[in-house]
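What follows is the content of coords-v2.txt (compact mmCIF, C-alpha atoms (C1' of nucleotides) and all ligand atoms).
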# COMPACT_ATOMS: atom_id res chain seq x y z
CA MET A 15 26.35 -10.58 20.81
CA LEU A 16 26.41 -13.16 23.59
CA ASN A 17 23.97 -15.99 23.07
CA ASN A 18 23.84 -15.97 19.31
CA SER A 19 24.29 -19.68 18.79
CA HIS A 20 20.54 -20.10 18.84
CA TYR A 21 20.07 -17.70 15.93
CA ILE A 22 23.07 -19.09 14.11
CA ASP A 23 21.56 -22.57 14.27
CA LYS A 24 18.15 -21.29 13.31
CA LEU A 25 19.49 -19.45 10.30
CA ARG A 26 21.75 -22.24 9.18
CA SER A 27 19.01 -24.84 9.47
CA SER A 28 16.81 -22.58 7.35
CA GLY A 29 19.39 -22.50 4.63
CA LEU A 30 20.31 -18.90 5.41
CA ARG A 31 23.93 -18.07 6.11
CA PRO A 32 24.33 -16.60 9.56
CA THR A 33 25.82 -13.26 8.62
CA LYS A 34 26.33 -10.62 11.27
CA GLN A 35 23.59 -8.51 9.71
CA ARG A 36 21.06 -11.32 9.95
CA ILE A 37 22.07 -12.19 13.49
CA LYS A 38 21.73 -8.57 14.54
CA ILE A 39 18.25 -8.38 13.01
CA CYS A 40 17.31 -11.63 14.76
CA GLU A 41 18.35 -10.13 18.07
CA ILE A 42 16.25 -7.04 17.50
CA LEU A 43 13.23 -8.96 16.31
CA PHE A 44 13.25 -12.06 18.46
CA ASP A 45 15.08 -11.21 21.72
CA ASN A 46 11.90 -9.84 23.24
CA GLU A 47 9.40 -10.87 25.85
CA LYS A 48 6.54 -9.73 23.66
CA THR A 49 5.96 -9.90 19.96
CA PHE A 50 5.43 -6.65 18.11
CA HIS A 51 4.51 -5.02 14.83
CA PHE A 52 6.89 -2.93 12.80
CA THR A 53 7.54 -1.26 9.49
CA ILE A 54 10.83 -1.41 7.64
CA ASN A 55 11.42 2.14 8.76
CA ASP A 56 10.87 1.19 12.42
CA LEU A 57 13.38 -1.61 12.06
CA VAL A 58 15.98 0.62 10.43
CA LYS A 59 15.68 3.02 13.37
CA LYS A 60 16.05 0.23 15.91
CA ILE A 61 19.13 -1.05 14.14
CA SER A 62 20.84 2.32 14.16
CA LYS A 63 20.00 2.74 17.86
CA THR A 64 21.45 -0.58 18.90
CA THR A 65 24.57 -0.88 16.77
CA ASN A 66 27.32 1.18 15.26
CA ASP A 67 27.72 -1.13 12.29
CA LYS A 68 25.32 0.12 9.67
CA ILE A 69 23.13 -2.33 7.82
CA SER A 70 22.15 -1.16 4.38
CA LEU A 71 18.51 -0.59 3.58
CA ALA A 72 18.63 -3.23 0.87
CA THR A 73 19.81 -5.79 3.40
CA VAL A 74 17.02 -4.87 5.79
CA TYR A 75 14.48 -5.48 3.03
CA ASN A 76 16.22 -8.66 1.92
CA THR A 77 16.35 -10.01 5.45
CA VAL A 78 12.76 -9.21 6.32
CA HIS A 79 11.57 -10.84 3.12
CA ALA A 80 13.77 -13.88 3.75
CA PHE A 81 12.42 -14.21 7.29
CA LYS A 82 8.87 -13.83 6.05
CA LYS A 83 9.45 -16.55 3.46
CA LYS A 84 10.79 -18.85 6.17
CA GLY A 85 7.74 -18.14 8.33
CA TYR A 86 9.53 -16.15 11.04
CA LEU A 87 7.53 -13.04 10.25
CA LYS A 88 4.06 -12.32 8.97
CA GLU A 89 3.03 -9.41 6.80
CA ILE A 90 -0.14 -7.70 7.99
CA PRO A 91 -2.66 -6.37 5.47
CA ILE A 92 -3.38 -2.89 6.75
CA ASN A 93 -4.28 -0.25 4.28
CA SER A 94 -1.32 2.01 4.54
CA ASP A 95 1.57 3.43 2.64
CA GLN A 96 3.97 0.98 4.20
CA SER A 97 4.00 -2.73 4.87
CA TYR A 98 3.53 -3.83 8.46
CA PHE A 99 5.28 -6.92 9.74
CA ASP A 100 4.52 -9.01 12.80
CA THR A 101 6.88 -11.07 14.92
CA ASN A 102 3.83 -12.96 16.18
CA THR A 103 3.49 -15.75 13.64
CA SER A 104 0.75 -17.63 15.45
CA HIS A 105 -2.76 -17.40 14.09
CA HIS A 106 -4.29 -14.31 15.63
CA HIS A 107 -6.30 -11.20 14.89
CA HIS A 108 -5.90 -7.44 15.21
CA PHE A 109 -7.33 -4.26 16.50
CA TYR A 110 -6.31 -1.32 14.39
CA ASP A 111 -6.36 1.94 16.25
CA GLU A 112 -7.23 4.53 13.66
CA ASN A 113 -6.19 7.42 15.89
CA GLN A 114 -2.77 6.09 16.89
CA LYS A 115 -2.39 4.16 13.64
CA ASP A 116 -1.33 1.24 15.75
CA LEU A 117 -1.89 -2.52 15.55
CA ILE A 118 -2.81 -4.50 18.67
CA ASP A 119 -2.99 -8.28 18.77
CA ILE A 120 -6.16 -10.17 19.54
CA ASP A 121 -5.37 -13.66 20.71
CA ASP A 122 -7.03 -16.35 18.64
CA ALA A 123 -8.69 -17.62 21.83
CA ASP A 124 -10.39 -14.25 22.29
CA VAL A 125 -12.28 -14.56 19.03
CA GLU A 126 -15.13 -17.06 18.79
CA PRO A 127 -14.71 -19.27 15.72
CA VAL A 128 -15.84 -17.32 12.69
CA LYS A 129 -18.58 -19.11 10.78
CA ILE A 130 -18.81 -18.37 7.10
CA ASN A 131 -21.86 -19.80 5.39
CA THR A 132 -20.59 -19.57 1.87
CA ARG A 133 -17.75 -21.12 -0.06
CA ILE A 134 -15.99 -20.72 -3.35
CA PRO A 135 -16.05 -23.87 -5.44
CA GLY A 136 -12.59 -25.23 -6.14
CA LYS A 137 -10.97 -23.11 -3.44
CA LYS A 138 -9.91 -24.04 0.04
CA ILE A 139 -9.65 -21.71 2.99
CA LYS A 140 -6.12 -20.80 3.95
CA SER A 141 -6.83 -18.42 6.81
CA VAL A 142 -9.58 -16.40 8.42
CA GLU A 143 -8.47 -13.11 9.87
CA VAL A 144 -10.47 -10.53 11.72
CA LEU A 145 -9.58 -6.86 11.68
CA VAL A 146 -11.34 -4.70 14.25
CA LYS A 147 -10.99 -1.02 13.59
CA VAL A 148 -11.27 1.09 16.72
CA GLU A 149 -11.22 4.78 17.47
CA ASP A 150 -11.23 7.02 20.52
CA ALA A 151 -14.44 6.59 22.48
CA GLU A 152 -14.42 10.29 23.65
CA MET B 29 -24.67 10.29 -21.38
CA LEU B 30 -28.39 9.58 -21.23
CA ASN B 31 -29.71 9.37 -17.69
CA ASN B 32 -27.17 11.50 -15.94
CA SER B 33 -29.58 13.56 -13.91
CA HIS B 34 -29.38 11.05 -11.13
CA TYR B 35 -25.63 11.46 -10.79
CA ILE B 36 -25.84 15.20 -11.25
CA ASP B 37 -28.25 15.40 -8.34
CA LYS B 38 -26.19 13.02 -6.26
CA LEU B 39 -23.01 14.99 -6.82
CA ARG B 40 -24.63 18.36 -6.30
CA SER B 41 -26.33 17.27 -3.10
CA SER B 42 -22.93 16.06 -1.85
CA GLY B 43 -21.42 19.45 -2.43
CA LEU B 44 -19.46 18.21 -5.44
CA ARG B 45 -19.83 20.05 -8.70
CA PRO B 46 -21.16 17.73 -11.38
CA THR B 47 -18.32 18.04 -13.86
CA LYS B 48 -18.24 15.85 -16.93
CA GLN B 49 -15.26 13.95 -15.50
CA ARG B 50 -17.10 13.11 -12.29
CA ILE B 51 -20.25 12.13 -14.15
CA LYS B 52 -18.27 9.84 -16.42
CA ILE B 53 -16.62 8.17 -13.43
CA CYS B 54 -20.03 7.79 -11.76
CA GLU B 55 -21.30 6.02 -14.86
CA ILE B 56 -18.36 3.62 -14.89
CA LEU B 57 -18.52 2.91 -11.18
CA PHE B 58 -22.24 2.93 -10.45
CA ASP B 59 -24.08 1.99 -13.69
CA ASN B 60 -23.65 -1.70 -12.95
CA GLU B 61 -25.82 -4.56 -11.86
CA LYS B 62 -23.14 -5.78 -9.51
CA THR B 63 -20.67 -3.98 -7.31
CA PHE B 64 -16.99 -4.59 -7.92
CA HIS B 65 -13.47 -4.00 -6.70
CA PHE B 66 -10.91 -1.96 -8.58
CA THR B 67 -7.55 -0.24 -8.45
CA ILE B 68 -6.90 3.25 -9.77
CA ASN B 69 -5.16 1.62 -12.69
CA ASP B 70 -8.22 -0.53 -13.45
CA LEU B 71 -10.38 2.58 -13.45
CA VAL B 72 -8.02 4.49 -15.73
CA LYS B 73 -8.22 1.63 -18.23
CA LYS B 74 -12.01 1.51 -18.10
CA ILE B 75 -12.17 5.24 -18.68
CA SER B 76 -9.99 5.10 -21.74
CA LYS B 77 -12.03 2.21 -23.12
CA THR B 78 -15.37 3.94 -22.75
CA THR B 79 -14.61 7.52 -23.73
CA ASN B 80 -12.49 9.56 -26.09
CA ASP B 81 -12.22 12.46 -23.67
CA LYS B 82 -9.20 11.77 -21.51
CA ILE B 83 -9.42 12.28 -17.80
CA SER B 84 -6.13 13.11 -16.18
CA LEU B 85 -4.66 10.72 -13.64
CA ALA B 86 -4.77 13.41 -10.97
CA THR B 87 -8.50 13.83 -11.52
CA VAL B 88 -9.05 10.09 -11.22
CA TYR B 89 -7.27 10.11 -7.88
CA ASN B 90 -9.07 13.26 -6.76
CA THR B 91 -12.46 11.86 -7.72
CA VAL B 92 -11.94 8.46 -6.11
CA HIS B 93 -10.81 10.13 -2.90
CA ALA B 94 -13.72 12.53 -2.99
CA PHE B 95 -16.15 9.65 -3.52
CA LYS B 96 -14.55 7.68 -0.71
CA LYS B 97 -14.85 10.68 1.59
CA LYS B 98 -18.53 10.97 0.74
CA GLY B 99 -19.03 7.28 1.41
CA TYR B 100 -19.69 6.20 -2.18
CA LEU B 101 -16.62 3.98 -2.19
CA LYS B 102 -14.73 1.97 0.38
CA GLU B 103 -11.00 1.32 0.45
CA ILE B 104 -10.12 -2.31 1.12
CA PRO B 105 -7.10 -3.21 3.21
CA ILE B 106 -5.35 -5.84 1.14
CA ASN B 107 -1.65 -6.16 1.34
CA SER B 108 -0.60 -4.99 -2.05
CA ASP B 109 1.32 -2.36 -3.85
CA GLN B 110 -1.86 -0.60 -4.85
CA SER B 111 -5.03 0.48 -3.09
CA TYR B 112 -8.17 -1.49 -3.79
CA PHE B 113 -11.52 0.24 -3.85
CA ASP B 114 -14.98 -1.24 -3.54
CA THR B 115 -18.24 0.05 -4.98
CA ASN B 116 -20.03 -2.08 -2.39
CA THR B 117 -20.27 0.29 0.56
CA SER B 118 -22.47 -1.94 2.70
CA HIS B 119 -20.88 -3.72 5.62
CA HIS B 120 -19.48 -6.94 4.23
CA HIS B 121 -16.47 -9.23 4.19
CA HIS B 122 -14.08 -10.67 1.65
CA PHE B 123 -12.50 -13.74 0.25
CA TYR B 124 -9.08 -13.03 -1.15
CA ASP B 125 -8.04 -15.49 -3.80
CA GLU B 126 -4.29 -15.72 -3.50
CA ASN B 127 -3.93 -17.44 -6.86
CA GLN B 128 -6.01 -15.01 -8.91
CA LYS B 129 -5.20 -12.09 -6.61
CA ASP B 130 -8.88 -11.31 -6.64
CA LEU B 131 -11.34 -10.04 -4.05
CA ILE B 132 -14.76 -11.65 -3.71
CA ASP B 133 -17.52 -10.28 -1.49
CA ILE B 134 -18.97 -12.19 1.41
CA ASP B 135 -22.37 -10.87 2.33
CA ASP B 136 -22.65 -9.75 5.93
CA ALA B 137 -25.52 -12.22 6.35
CA ASP B 138 -23.20 -15.09 5.43
CA VAL B 139 -20.93 -14.43 8.38
CA GLU B 140 -22.15 -15.25 11.86
CA PRO B 141 -21.65 -12.29 14.21
CA VAL B 142 -18.02 -12.19 15.25
CA LYS B 143 -17.61 -12.30 19.01
CA ILE B 144 -14.49 -10.69 20.39
CA ASN B 145 -13.92 -11.32 24.07
CA THR B 146 -11.50 -8.50 24.65
CA ARG B 147 -11.67 -4.73 24.44
CA ILE B 148 -9.34 -1.77 24.47
CA PRO B 149 -10.15 0.69 27.24
CA GLY B 150 -11.07 4.11 25.92
CA LYS B 151 -11.63 2.86 22.39
CA LYS B 152 -14.84 2.02 20.61
CA ILE B 153 -15.27 -0.44 17.80
CA LYS B 154 -15.75 1.14 14.42
CA SER B 155 -15.94 -1.97 12.28
CA VAL B 156 -15.26 -5.70 12.31
CA GLU B 157 -14.07 -7.09 9.03
CA VAL B 158 -13.25 -10.65 8.12
CA LEU B 159 -10.74 -11.53 5.45
CA VAL B 160 -10.73 -15.14 4.29
CA LYS B 161 -7.71 -16.04 2.27
CA VAL B 162 -8.33 -18.89 -0.14
CA GLU B 163 -6.25 -20.83 -2.61
CA ASP B 164 -6.76 -23.51 -5.25
CA ALA B 165 -8.02 -26.71 -3.65
CA GLU B 166 -6.40 -29.03 -6.25
C1' DA C 24 -26.13 37.54 -20.66
C1' DT C 25 -21.75 38.97 -18.67
C1' DT C 26 -18.75 38.96 -15.00
C1' DC C 27 -16.99 36.98 -10.95
C1' DT C 28 -15.15 33.57 -7.99
C1' DA C 29 -14.51 29.44 -5.82
C1' DC C 30 -13.91 24.99 -7.18
C1' DA C 31 -11.98 21.54 -10.48
C1' DT C 32 -8.89 19.78 -13.98
C1' DT C 33 -4.55 19.23 -15.90
C1' DA C 34 0.40 18.36 -17.01
C1' DT C 35 4.09 17.81 -14.70
C1' DA C 36 7.19 17.56 -10.79
C1' DA C 37 7.98 15.72 -6.41
C1' DT C 38 7.77 12.21 -2.96
C1' DA C 39 8.29 7.84 -0.74
C1' DG C 40 8.33 2.98 -0.25
C1' DT C 41 10.28 -0.67 -2.45
C1' DT C 42 13.01 -3.31 -5.81
C1' DC C 43 16.87 -3.76 -8.94
C1' DT C 44 21.80 -3.68 -10.32
C1' DA C 45 26.23 -4.99 -10.33
C1' DA C 46 30.40 -4.64 -7.87
C1' DA C 47 32.63 -5.86 -3.51
C1' DC C 48 32.56 -8.98 0.26
C1' DT C 49 32.22 -13.34 3.02
C1' DA C 50 30.66 -17.92 4.81
C1' DT C 51 31.22 -22.35 3.56
C1' DT C 52 33.08 -26.28 0.81
C1' DG C 53 36.66 -28.98 -1.21
C1' DC D 26 44.23 -22.09 1.20
C1' DA D 27 41.38 -21.54 -3.09
C1' DA D 28 37.05 -21.82 -5.20
C1' DT D 29 32.27 -20.79 -5.20
C1' DA D 30 27.86 -19.64 -4.17
C1' DG D 31 25.45 -16.68 -1.38
C1' DT D 32 25.26 -11.91 0.74
C1' DT D 33 25.84 -7.05 1.36
C1' DT D 34 26.04 -2.60 -0.37
C1' DA D 35 25.42 2.17 -2.52
C1' DG D 36 23.00 4.00 -5.48
C1' DA D 37 19.89 3.94 -9.43
C1' DA D 38 15.45 2.69 -10.98
C1' DC D 39 10.74 1.89 -10.44
C1' DT D 40 5.93 2.74 -9.21
C1' DA D 41 1.97 4.30 -6.71
C1' DT D 42 0.56 8.36 -4.96
C1' DT D 43 0.51 13.32 -3.80
C1' DA D 44 1.71 18.18 -4.53
C1' DT D 45 2.07 22.26 -7.49
C1' DA D 46 0.52 25.88 -9.95
C1' DA D 47 -1.42 27.30 -14.15
C1' DT D 48 -5.66 26.93 -16.83
C1' DG D 49 -10.52 25.96 -17.16
C1' DT D 50 -15.35 25.91 -15.73
C1' DA D 51 -19.86 25.61 -12.92
C1' DG D 52 -22.75 28.25 -10.50
C1' DA D 53 -23.75 32.65 -8.44
C1' DA D 54 -23.95 37.57 -8.57
C1' DT D 55 -24.62 41.52 -11.08
MN MN E 201 -2.10 4.81 0.21
MN MN E 202 4.33 -4.15 -0.90
ZN ZN E 203 -0.09 -9.26 15.40
ZN ZN E 204 -16.26 -5.92 -1.41
Output the file's structure as structure tokens, nothing else.
Amino acid sequence: MLNNSHYIDKLRSSGLRPTKQRIKICEILFDNEKTFHFTINDLVKKISKTTNDKISLATVYNTVHAFKKKGYLKEIPINSDQSYFDTNTSHHHHFYDENQKDLIDIDDADVEPVKINTRIPGKKIKSVEVLVKVEDAE
Amino acid sequence: MLNNSHYIDKLRSSGLRPTKQRIKICEILFDNEKTFHFTINDLVKKISKTTNDKISLATVYNTVHAFKKKGYLKEIPINSDQSYFDTNTSHHHHFYDENQKDLIDIDDADVEPVKINTRIPGKKIKSVEVLVKVEDAE
DNA sequence: ATTCTACATTATAATAGTTCTAAACTATTG
DNA sequence: CAATAGTTTAGAACTATTATAATGTAGAAT
């Protein structure tokens, strides 16, 4: 509610009108020390915890998709019933904890460059992402 | 219909009764030179093309899940509305063609061992999978 | 071979995440 | 301020998947 001008500028310069719903979602997603992963359902819960003004589910979906399109969020391909989103938009990798069903970032610097000795003719590489599935060591 | 004994044995030794539905699905999935990727919907279409006996959708789901549980299929984590399955159960990686929305195998031998210089205490690595997103080079 | 039983199939309903609709609302422009 | 294009909203619709519960069947027991 206080230092919103940053988000207002960011939204406006992206061609998105700075509505109070979008600003609120910006605050929840981007006013954090650390980046994090979330589902739409997680976000809906956070919204209802931090404000009395309800934001409709359709708006939450619309906003997340708009932010993804603008490159402020990434969608993470984890085999699951729900989509996972990531506020870390830098190129990085993931651990997936199969017990906790939790995503954990792996910094790009912590993965040695992945060498792939095969190509597809007529196609260029857009990204190379590593998913490390982990489980309890017991 | 001809050389089913192989599948009958395979199913029986897995503790799965060799029903005609399961044998049919084995034929469609495993009587191929090459492995392939498919959705439930793809499989349903193949079934209706190759037989007059209908197999209910619930049975297709049940069978695919049973086969996955037994390790005869892998589920591939691609961000999509539907689950993708893979008849290639060896450890391997994938290209994902974002234009064709198509998965292409990368043999494990074609990827240099991926070195990850970070760990999660109390967790052990279950798998390391590389997803290479590609697009038209133009 | 007949009977028995646990397992499997089926049609259908239910569920859940997501998208669509169309009416009401609002930020921005003129 | 008035006009307009973009946005929000409640709720319906959609779609992949799972659950239900009745019927069918493979394999075992008799
Ligand atoms: Mn699923
Ligand atoms: Mn999706
Ligand atoms: Zn991440
Ligand atoms: Zn594959």
Each residue of chain B lying at most 6 Å from ligand ZN 204 (chain E) should get a row with its shortest atom-to-atom pair and the distance in Å to one decimal, counting all atoms listed in the file; could you produce that, ordered by chain and increasing number, as a tab-separated table?
residue	atom	partner	partner_atom	distance
B:Asp114	CA	E:ZN204	ZN	5.3
B:Asn116	CA	E:ZN204	ZN	5.5
B:Asp133	CA	E:ZN204	ZN	4.5
Item to check | Polymer residues at most 12 Å from Arg26 in chain A, all atoms listed in the file, same-chain spacing of 5 or more positions, as a list in words | outcome: Ser19, His20, Tyr21, Arg31, Pro32, Thr33, Arg36, Ile37 and Lys84 of chain A; DA50 and DT51 of chain C
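A distance search around ligand MN 201 (chain E) (8 Å at most, only C-alpha atoms (C1' of nucleotides) and all ligand atoms) returns the following protein and nucleic acid residues: Asn93, Ser94 and Asp95 of chain A; Gln110 and Ser111 of chain B; DT42 of chain D.
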Item to check | One-decimal distance in Å that lies between CA of Thr101 in chain A and CA of Ile118 in chain A | outcome: 12.3 Å
Next on the checklist: Please list as JSON, numbers by chain every residue within 12 Å of Thr77 in chain A, counting all atoms listed in the file and excluding residues in the same chain fewer than 2 positions away.
Outcome noted: {"A": [25, 30, 31, 32, 33, 34, 35, 36, 37, 38, 39, 40, 43, 54, 57, 58, 69, 70, 71, 72, 73, 74, 75, 79, 80, 81, 82, 83, 84, 86, 87], "D": [32, 33]}
